[in-house]
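Note: the block below is model.pdb and it holds PDB, C-alpha atoms and all ligand atoms.
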```pdb
MODEL        1
ATOM      1  CA  MET V 666     160.399 123.238-124.492
ATOM      2  CA  VAL V 667     159.969 123.393-120.737
ATOM      3  CA  PHE V 668     156.199 123.469-120.645
ATOM      4  CA  ALA V 669     155.796 120.624-123.095
ATOM      5  CA  ALA V 670     158.407 118.527-121.268
ATOM      6  CA  SER V 671     156.782 119.149-117.928
ATOM      7  CA  GLY V 672     153.401 117.971-119.056
ATOM      8  CA  ARG V 673     151.925 120.922-117.142
ATOM      9  CA  LEU V 674     150.442 123.948-118.753
ATOM     10  CA  VAL V 675     150.308 127.231-116.951
ATOM     11  CA  ASP V 676     147.214 129.053-118.088
ATOM     12  CA  GLY V 677     146.801 132.592-119.392
ATOM     13  CA  PHE V 678     148.674 135.341-117.702
ATOM     14  CA  GLY V 679     150.801 133.038-115.566
ATOM     15  CA  LYS V 680     152.054 131.280-118.696
ATOM     16  CA  PHE V 681     152.905 134.595-120.309
ATOM     17  CA  ILE V 682     154.867 135.807-117.246
ATOM     18  CA  ALA V 683     156.727 132.505-116.951
ATOM     19  CA  PHE V 684     157.620 132.556-120.657
ATOM     20  CA  CYS V 685     158.911 136.123-120.388
ATOM     21  CA  ALA V 686     160.997 135.240-117.328
ATOM     22  CA  LEU V 687     162.597 132.280-119.079
ATOM     23  CA  SER V 688     163.190 134.201-122.312
ATOM     24  CA  PHE V 689     164.673 137.132-120.403
ATOM     25  CA  THR V 690     167.037 134.848-118.533
ATOM     26  CA  ILE V 691     168.111 133.026-121.660
ATOM     27  CA  VAL V 692     168.833 136.366-123.338
ATOM     28  CA  ARG V 693     170.777 137.571-120.298
ATOM     29  CA  LEU V 694     172.572 134.268-119.806
ATOM     30  CA  PRO V 695     173.432 133.015-123.264
ATOM     31  CA  LEU V 696     174.775 129.496-123.256
ATOM     32  CA  HIS V 697     178.231 128.142-123.968
ATOM     33  CA  PHE V 698     179.054 130.784-126.563
ATOM     34  CA  THR V 699     179.892 133.360-123.889
ATOM     35  CA  MET V 700     181.193 131.112-121.121
ATOM     36  CA  ASN V 701     184.221 132.397-119.273
ATOM     37  CA  LYS V 702     187.013 130.264-117.825
ATOM     38  CA  ALA V 703     185.284 129.800-114.480
ATOM     39  CA  ASP V 704     182.186 128.467-116.248
ATOM     40  CA  LYS V 705     184.305 125.965-118.102
ATOM     41  CA  LYS V 706     185.697 124.660-114.809
ATOM     42  CA  TYR V 707     182.124 123.942-113.696
ATOM     43  CA  GLY V 708     182.052 126.685-111.075
ATOM     44  CA  THR V 709     178.980 128.433-112.459
ATOM     45  CA  ALA V 710     177.883 126.029-115.188
ATOM     46  CA  LEU V 711     177.592 122.273-115.558
ATOM     47  CA  PRO V 712     177.297 119.907-118.544
ATOM     48  CA  VAL V 713     173.639 118.959-118.885
ATOM     49  CA  MET V 714     172.736 115.973-121.026
ATOM     50  CA  GLU V 715     168.995 116.440-120.574
ATOM     51  CA  GLN V 716     166.432 117.821-118.163
ATOM     52  CA  PHE V 717     162.755 117.004-118.082
ATOM     53  CA  TYR V 718     159.668 116.808-115.913
ATOM     54  CA  THR V 719     158.566 113.248-115.355
ATOM     55  CA  ILE V 720     157.606 110.682-112.738
ATOM     56  CA  GLN V 721     160.333 109.263-110.518
ATOM     57  CA  GLY V 722     160.312 105.597-111.505
ATOM     58  CA  GLU V 723     162.725 104.058-109.000
ATOM     59  CA  GLY V 724     163.346 103.750-105.312
ATOM     60  CA  VAL V 725     161.565 105.075-102.254
ATOM     61  CA  HIS V 726     160.075 108.082-104.084
ATOM     62  CA  SER V 727     158.820 106.032-107.003
ATOM     63  CA  GLY V 728     155.592 107.398-108.456
ATOM     64  CA  LYS V 729     156.177 111.032-107.459
ATOM     65  CA  ALA V 730     156.329 113.943-109.879
ATOM     66  CA  ALA V 731     159.936 115.048-110.262
ATOM     67  CA  TYR V 732     162.096 117.238-112.465
ATOM     68  CA  PHE V 733     165.205 115.355-113.591
ATOM     69  CA  ILE V 734     168.508 117.065-114.282
ATOM     70  CA  ARG V 735     170.861 114.603-115.919
ATOM     71  CA  LEU V 736     174.441 115.841-115.726
ATOM     72  CA  ALA V 737     176.925 114.435-118.191
ATOM     73  CA  GLY V 738     180.142 112.752-117.120
ATOM     74  CA  CYS V 739     180.711 109.354-115.532
ATOM     75  CA  PRO V 740     183.993 107.448-115.179
ATOM     76  CA  VAL V 741     182.415 104.354-113.546
ATOM     77  CA  GLY V 742     181.712 102.372-116.723
ATOM     78  CA  CYS V 743     179.067  99.778-115.773
ATOM     79  CA  HIS V 744     178.682  97.404-118.736
ATOM     80  CA  TRP V 745     174.871  97.310-118.349
ATOM     81  CA  CYS V 746     174.535 101.116-118.087
ATOM     82  CA  ASP V 747     171.410 102.347-119.906
ATOM     83  CA  VAL V 748     172.665 105.945-120.283
ATOM     84  CA  LYS V 749     176.068 105.422-121.872
ATOM     85  CA  GLU V 750     175.554 108.688-123.798
ATOM     86  CA  SER V 751     176.076 110.437-120.460
ATOM     87  CA  TRP V 752     179.609 109.164-119.888
ATOM     88  CA  LYS V 753     181.475 111.989-121.635
ATOM     89  CA  PRO V 754     180.792 115.580-120.551
ATOM     90  CA  LYS V 755     182.243 117.151-123.688
ATOM     91  CA  PRO V 756     179.518 116.880-126.303
ATOM     92  CA  HIS V 757     176.894 118.115-123.876
ATOM     93  CA  GLN V 758     175.883 121.696-123.345
ATOM     94  CA  LEU V 759     177.446 123.641-120.487
ATOM     95  CA  MET V 760     174.510 125.382-118.886
ATOM     96  CA  PRO V 761     174.657 128.175-116.302
ATOM     97  CA  LEU V 762     173.472 126.996-112.887
ATOM     98  CA  LYS V 763     170.950 129.841-112.685
ATOM     99  CA  GLU V 764     169.323 128.650-115.865
ATOM    100  CA  ILE V 765     169.210 125.023-114.715
ATOM    101  CA  ALA V 766     167.494 126.119-111.494
ATOM    102  CA  LEU V 767     165.084 128.438-113.307
ATOM    103  CA  ARG V 768     163.975 125.694-115.683
ATOM    104  CA  ALA V 769     163.413 123.336-112.745
ATOM    105  CA  ALA V 770     161.406 125.959-110.863
ATOM    106  CA  LEU V 771     159.269 126.806-113.901
ATOM    107  CA  SER V 772     158.366 123.143-114.390
ATOM    108  CA  GLY V 773     156.174 123.248-111.293
ATOM    109  CA  ALA V 774     157.773 120.064-109.924
ATOM    110  CA  PRO V 775     158.001 119.727-106.137
ATOM    111  CA  ILE V 776     161.189 117.649-106.336
ATOM    112  CA  THR V 777     164.315 117.986-108.411
ATOM    113  CA  VAL V 778     166.428 114.873-108.928
ATOM    114  CA  ILE V 779     170.063 115.453-109.845
ATOM    115  CA  THR V 780     171.255 112.363-111.646
ATOM    116  CA  GLY V 781     173.718 111.357-114.345
ATOM    117  CA  GLY V 782     176.118 110.144-115.367
ATOM    118  CA  GLU V 783     177.789 110.502-112.001
ATOM    119  CA  PRO V 784     176.737 113.925-110.720
ATOM    120  CA  ALA V 785     178.883 113.762-107.574
ATOM    121  CA  MET V 786     182.023 114.113-109.680
ATOM    122  CA  TYR V 787     181.114 117.823-109.598
ATOM    123  CA  ASP V 788     180.808 120.165-106.643
ATOM    124  CA  LEU V 789     177.025 120.543-106.489
ATOM    125  CA  SER V 790     176.964 123.118-103.686
ATOM    126  CA  ALA V 791     176.078 126.086-105.898
ATOM    127  CA  LEU V 792     173.481 124.179-107.930
ATOM    128  CA  THR V 793     171.730 122.752-104.865
ATOM    129  CA  GLY V 794     171.820 126.217-103.281
ATOM    130  CA  ALA V 795     170.093 127.715-106.333
ATOM    131  CA  LEU V 796     167.484 124.940-106.436
ATOM    132  CA  LYS V 797     166.693 125.239-102.746
ATOM    133  CA  LYS V 798     166.458 129.020-103.089
ATOM    134  CA  ALA V 799     163.800 128.354-105.713
ATOM    135  CA  GLY V 800     161.865 126.326-103.116
ATOM    136  CA  LEU V 801     162.541 122.886-104.532
ATOM    137  CA  LYS V 802     163.366 119.728-102.643
ATOM    138  CA  VAL V 803     166.635 118.378-103.980
ATOM    139  CA  HIS V 804     167.384 114.682-104.398
ATOM    140  CA  LEU V 805     170.640 113.101-105.542
ATOM    141  CA  GLU V 806     171.235 109.807-107.339
ATOM    142  CA  THR V 807     174.868 108.763-107.143
ATOM    143  CA  SER V 808     177.111 105.731-107.154
ATOM    144  CA  GLY V 809     178.757 107.173-104.037
ATOM    145  CA  ALA V 810     182.206 106.857-105.605
ATOM    146  CA  PHE V 811     182.946 110.583-105.151
ATOM    147  CA  ALA V 812     182.680 112.900-102.155
ATOM    148  CA  ILE V 813     179.170 114.341-102.067
ATOM    149  CA  ARG V 814     179.230 118.130-102.052
ATOM    150  CA  GLY V 815     175.977 120.076-101.723
ATOM    151  CA  LYS V 816     172.799 120.208 -99.622
ATOM    152  CA  PHE V 817     170.256 117.510-100.307
ATOM    153  CA  ASP V 818     166.881 116.498 -98.933
ATOM    154  CA  TRP V 819     167.393 112.908-100.054
ATOM    155  CA  ILE V 820     170.443 110.964-101.160
ATOM    156  CA  CYS V 821     170.140 107.674-103.014
ATOM    157  CA  VAL V 822     173.418 105.765-103.262
ATOM    158  CA  SER V 823     173.473 103.040-105.870
ATOM    159  CA  PRO V 824     176.876 101.392-105.395
ATOM    160  CA  LYS V 825     178.779  99.995-108.348
ATOM    161  CA  LYS V 826     181.426  97.271-108.132
ATOM    162  CA  ARG V 827     183.611  98.882-110.777
ATOM    163  CA  LYS V 828     184.154 101.915-108.551
ATOM    164  CA  PRO V 829     182.955 101.176-105.027
ATOM    165  CA  PRO V 830     181.346 103.860-102.903
ATOM    166  CA  LEU V 831     183.195 105.921-100.300
ATOM    167  CA  LYS V 832     182.281 105.096 -96.713
ATOM    168  CA  ALA V 833     181.390 108.775 -96.223
ATOM    169  CA  SER V 834     178.907 108.593 -99.116
ATOM    170  CA  LEU V 835     177.250 105.494 -97.682
ATOM    171  CA  ARG V 836     176.914 107.193 -94.292
ATOM    172  CA  ARG V 837     175.035 110.082 -95.952
ATOM    173  CA  ALA V 838     172.657 107.775 -97.838
ATOM    174  CA  ASN V 839     168.933 107.951 -97.106
ATOM    175  CA  GLU V 840     168.430 105.141 -99.575
ATOM    176  CA  LEU V 841     170.711 102.312-100.689
ATOM    177  CA  LYS V 842     169.562 101.013-104.061
ATOM    178  CA  VAL V 843     171.499  98.049-105.385
ATOM    179  CA  VAL V 844     171.040  96.990-108.996
ATOM    180  CA  VAL V 845     171.002  93.193-109.219
ATOM    181  CA  TYR V 846     172.492  91.765-112.391
ATOM    182  CA  ASN V 847     173.386  88.341-110.984
ATOM    183  CA  ARG V 848     173.203  86.392-107.737
ATOM    184  CA  ASP V 849     176.581  87.711-106.504
ATOM    185  CA  ASP V 850     175.044  91.171-106.300
ATOM    186  CA  LEU V 851     173.037  90.100-103.259
ATOM    187  CA  ALA V 852     176.267  89.650-101.286
ATOM    188  CA  TRP V 853     177.446  93.022-102.662
ATOM    189  CA  ALA V 854     174.192  94.544-101.421
ATOM    190  CA  GLU V 855     174.693  93.174 -97.904
ATOM    191  CA  LYS V 856     178.309  94.361 -97.841
ATOM    192  CA  ASN V 857     177.196  97.937 -98.565
ATOM    193  CA  ALA V 858     174.212  97.728 -96.224
ATOM    194  CA  ALA V 859     176.633  97.079 -93.360
ATOM    195  CA  LEU V 860     178.046 100.594 -93.883
ATOM    196  CA  VAL V 861     174.882 102.705 -94.001
ATOM    197  CA  THR V 862     173.019 104.204 -91.038
ATOM    198  CA  ARG V 863     170.097 102.414 -89.416
ATOM    199  CA  LYS V 864     167.617 104.873 -90.939
ATOM    200  CA  CYS V 865     168.750 104.180 -94.485
ATOM    201  CA  ARG V 866     166.160 102.401 -96.659
ATOM    202  CA  LEU V 867     167.393  99.264 -98.430
ATOM    203  CA  LEU V 868     166.289  98.423-101.968
ATOM    204  CA  LEU V 869     167.140  95.802-104.560
ATOM    205  CA  GLN V 870     166.407  96.606-108.180
ATOM    206  CA  PRO V 871     166.572  94.023-110.947
ATOM    207  CA  GLU V 872     168.686  95.135-113.892
ATOM    208  CA  TRP V 873     166.136  95.735-116.655
ATOM    209  CA  GLY V 874     167.599  93.300-119.178
ATOM    210  CA  LYS V 875     167.905  90.532-116.575
ATOM    211  CA  LYS V 876     164.692  90.994-114.636
ATOM    212  CA  GLU V 877     163.124  87.652-115.622
ATOM    213  CA  THR V 878     166.214  85.797-114.397
ATOM    214  CA  VAL V 879     166.991  87.727-111.234
ATOM    215  CA  LEU V 880     163.516  88.554-109.876
ATOM    216  CA  PRO V 881     162.817  85.056-108.478
ATOM    217  CA  TYR V 882     165.872  85.095-106.240
ATOM    218  CA  ILE V 883     165.421  88.771-105.331
ATOM    219  CA  ILE V 884     161.903  87.918-104.128
ATOM    220  CA  GLU V 885     163.230  84.979-102.132
ATOM    221  CA  PHE V 886     165.971  87.188-100.615
ATOM    222  CA  VAL V 887     163.520  89.936 -99.590
ATOM    223  CA  GLN V 888     161.196  87.386 -98.002
ATOM    224  CA  LYS V 889     164.113  86.113 -95.899
ATOM    225  CA  HIS V 890     165.484  89.632 -95.221
ATOM    226  CA  PRO V 891     162.427  91.882 -94.941
ATOM    227  CA  LEU V 892     164.427  95.014 -94.182
ATOM    228  CA  TRP V 893     165.010  95.035 -97.921
ATOM    229  CA  GLN V 894     162.344  95.935-100.467
ATOM    230  CA  ILE V 895     162.139  95.672-104.240
ATOM    231  CA  SER V 896     162.453  98.654-106.558
ATOM    232  CA  LEU V 897     161.208  98.217-110.113
ATOM    233  CA  GLN V 898     161.955 100.680-112.896
ATOM    234  CA  SER V 899     158.303 101.651-113.007
ATOM    235  CA  HIS V 900     158.879 104.532-115.480
ATOM    236  CA  LYS V 901     159.749 101.876-118.080
ATOM    237  CA  TYR V 902     156.452 100.071-117.450
ATOM    238  CA  MET V 903     154.630 103.426-117.647
ATOM    239  CA  GLY V 904     156.443 104.340-120.851
ATOM    240  CA  VAL V 905     157.754 107.670-119.513
ATOM    241  CA  GLU V 906     161.332 108.936-119.610
TER     242      GLU V 906
HETATM  243  S1  LIG M   1     177.430 104.774-112.511
HETATM  244 FE1  LIG M   1     175.442 105.041-113.476
HETATM  245  S2  LIG M   1     175.833 106.382-115.269
HETATM  246 FE2  LIG M   1     177.815 105.620-114.565
HETATM  247  S3  LIG M   1     178.179 103.815-115.847
HETATM  248 FE3  LIG M   1     177.223 103.075-113.938
HETATM  249  S4  LIG M   1     175.015 103.041-114.386
HETATM  250 FE4  LIG M   1     175.994 104.293-115.999
ENDMDL
END
```
Show me the file's structure as structure tokens.
Ligand code: SF4
Amino acid sequence: MVFAASGRLVDGFGKFIAFCALSFTIVRLPLHFTMNKADKKYGTALPVMEQFYTIQGEGVHSGKAAYFIRLAGCPVGCHWCDVKESWKPKPHQLMPLKEIALRAALSGAPITVITGGEPAMYDLSALTGALKKAGLKVHLETSGAFAIRGKFDWICVSPKKRKPPLKASLRRANELKVVVYNRDDLAWAEKNAALVTRKCRLLLQPEWGKKETVLPYIIEFVQKHPLWQISLQSHKYMGVE
């Protein structure tokens, strides 16, 4: 349920109005049972694996309240991926964009993070339009391997060797976040950093299962190259989603 997931309770009358609005919309926009062909092609609906109100755990906006929309579908195939359930769109519910945006707005979150999977494999123009219309700031987390379509307030590109990012995606990045699984990833990080704009923030993030091994040389690297900073998956330390 939205309110439980958000961790925020809207009191009294406000809660009643919000509940009615959501119920009304769900009745008017029943889910995949009545989808037409256009919906199925992702024009007005997208496969959602999960959505929830939480704390952004990674990157420049770490620690901020954020509503996460995790779209299903990713052809990149990183072996250390911690959301492998998101790779295939099919088992996940196709949800109308209006409903996705309404749920995000009702959460009370100031920021919506569209993540995956690989969300940029879809045209996100209509979804970002609906979210911005609802007054939300819209962030994107992507590998950069697909053309980014949509309007965003912040774009985090986390490049993956298995399917390298497009130069155009790197140029749009506000944040370059490189997951470090082994020492070679530091050279990979520098290679990508050469293609972003000067304003782009540079972050190295130890892969969770390897953090004890890789953190010492990430620390050493950041001390020698202070334009970089370290991103930890703080949501995992906090025990939130
Ligand atoms: S790009 Fe992201 S979702 Fe896709 S396999 Fe890699 S880590 Fe997993």
First collect every listed atom of ligand LIG 1 (chain M); then fit an axis-aligned box around them, widen it by 8 Å on each side, and give centre and edge lengths in Å to one decimal, as AutoDock Vina command-line options.
```
--center_x 176.6 --center_y 104.7 --center_z -114.3 --size_x 19.2 --size_y 19.3 --size_z 19.5
```
*asked:* Quick check on the file I pasted: which residues fall under the PyMOL selection byres (((not hetatm)) within 10 of (chain M and resi 1))? Write them as a PyMOL selection string.
replied: chain V and resi 735-752+780-784+806-810+823-829+844
*Go through V:Ala852, V:Leu897, V:Ala769, V:Ala812 and flag the residue nearest Ala833 (chain V), using all atoms listed in the file for the distances.*
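Among V:Ala852, V:Leu897, V:Ala769, V:Ala812, it is V:Ala812 that comes nearest to Ala833 (chain V).
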*Which distance in Å separates CA of Asn839 (chain V) and CA of Asp818 (chain V), to one decimal?*
9.0 Å
_Here is a test: counting all atoms listed in the file, which residue of V:Gly722, V:Leu868, V:Trp819, V:Ala731 is nearest to Val887 (chain V)?_
V:Leu868
_Expansion of the PyMOL selection byres (((chain V and resi 795) around 12) and not hetatm) into residues, as number ranges by chain_ = V: 709-710, 761-770, 777, 789-794, 796-803, 815-817
*List, as a list in words, every residue that the PyMOL selection byres (((chain V and resi 728) around 12) and not hetatm) selects in the file provided.*
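With the PyMOL selection byres (((chain V and resi 728) around 12) and not hetatm) on this model, the match is Thr719, Ile720, Gln721, Gly722, Glu723, Gly724, Val725, His726, Ser727, Lys729, Ala730, Ala731, Ile776, Ser896, Leu897, Gln898, Ser899, His900, Lys901, Tyr902, Met903 and Val905 of chain V.
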*Neighbour list for region 871-875 of chain V as a list of chain:residue names, cut-off 6 Å, only C-alpha atoms, skip fewer than 3 positions in-chain*: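 These residues fall inside the cut-off: V:Val844, V:Val845, V:Tyr846, V:Thr878.
Taking CA of Thr862 (chain V) as the reference point, CA of Asp850 (chain V) is found at 20.2 Å.
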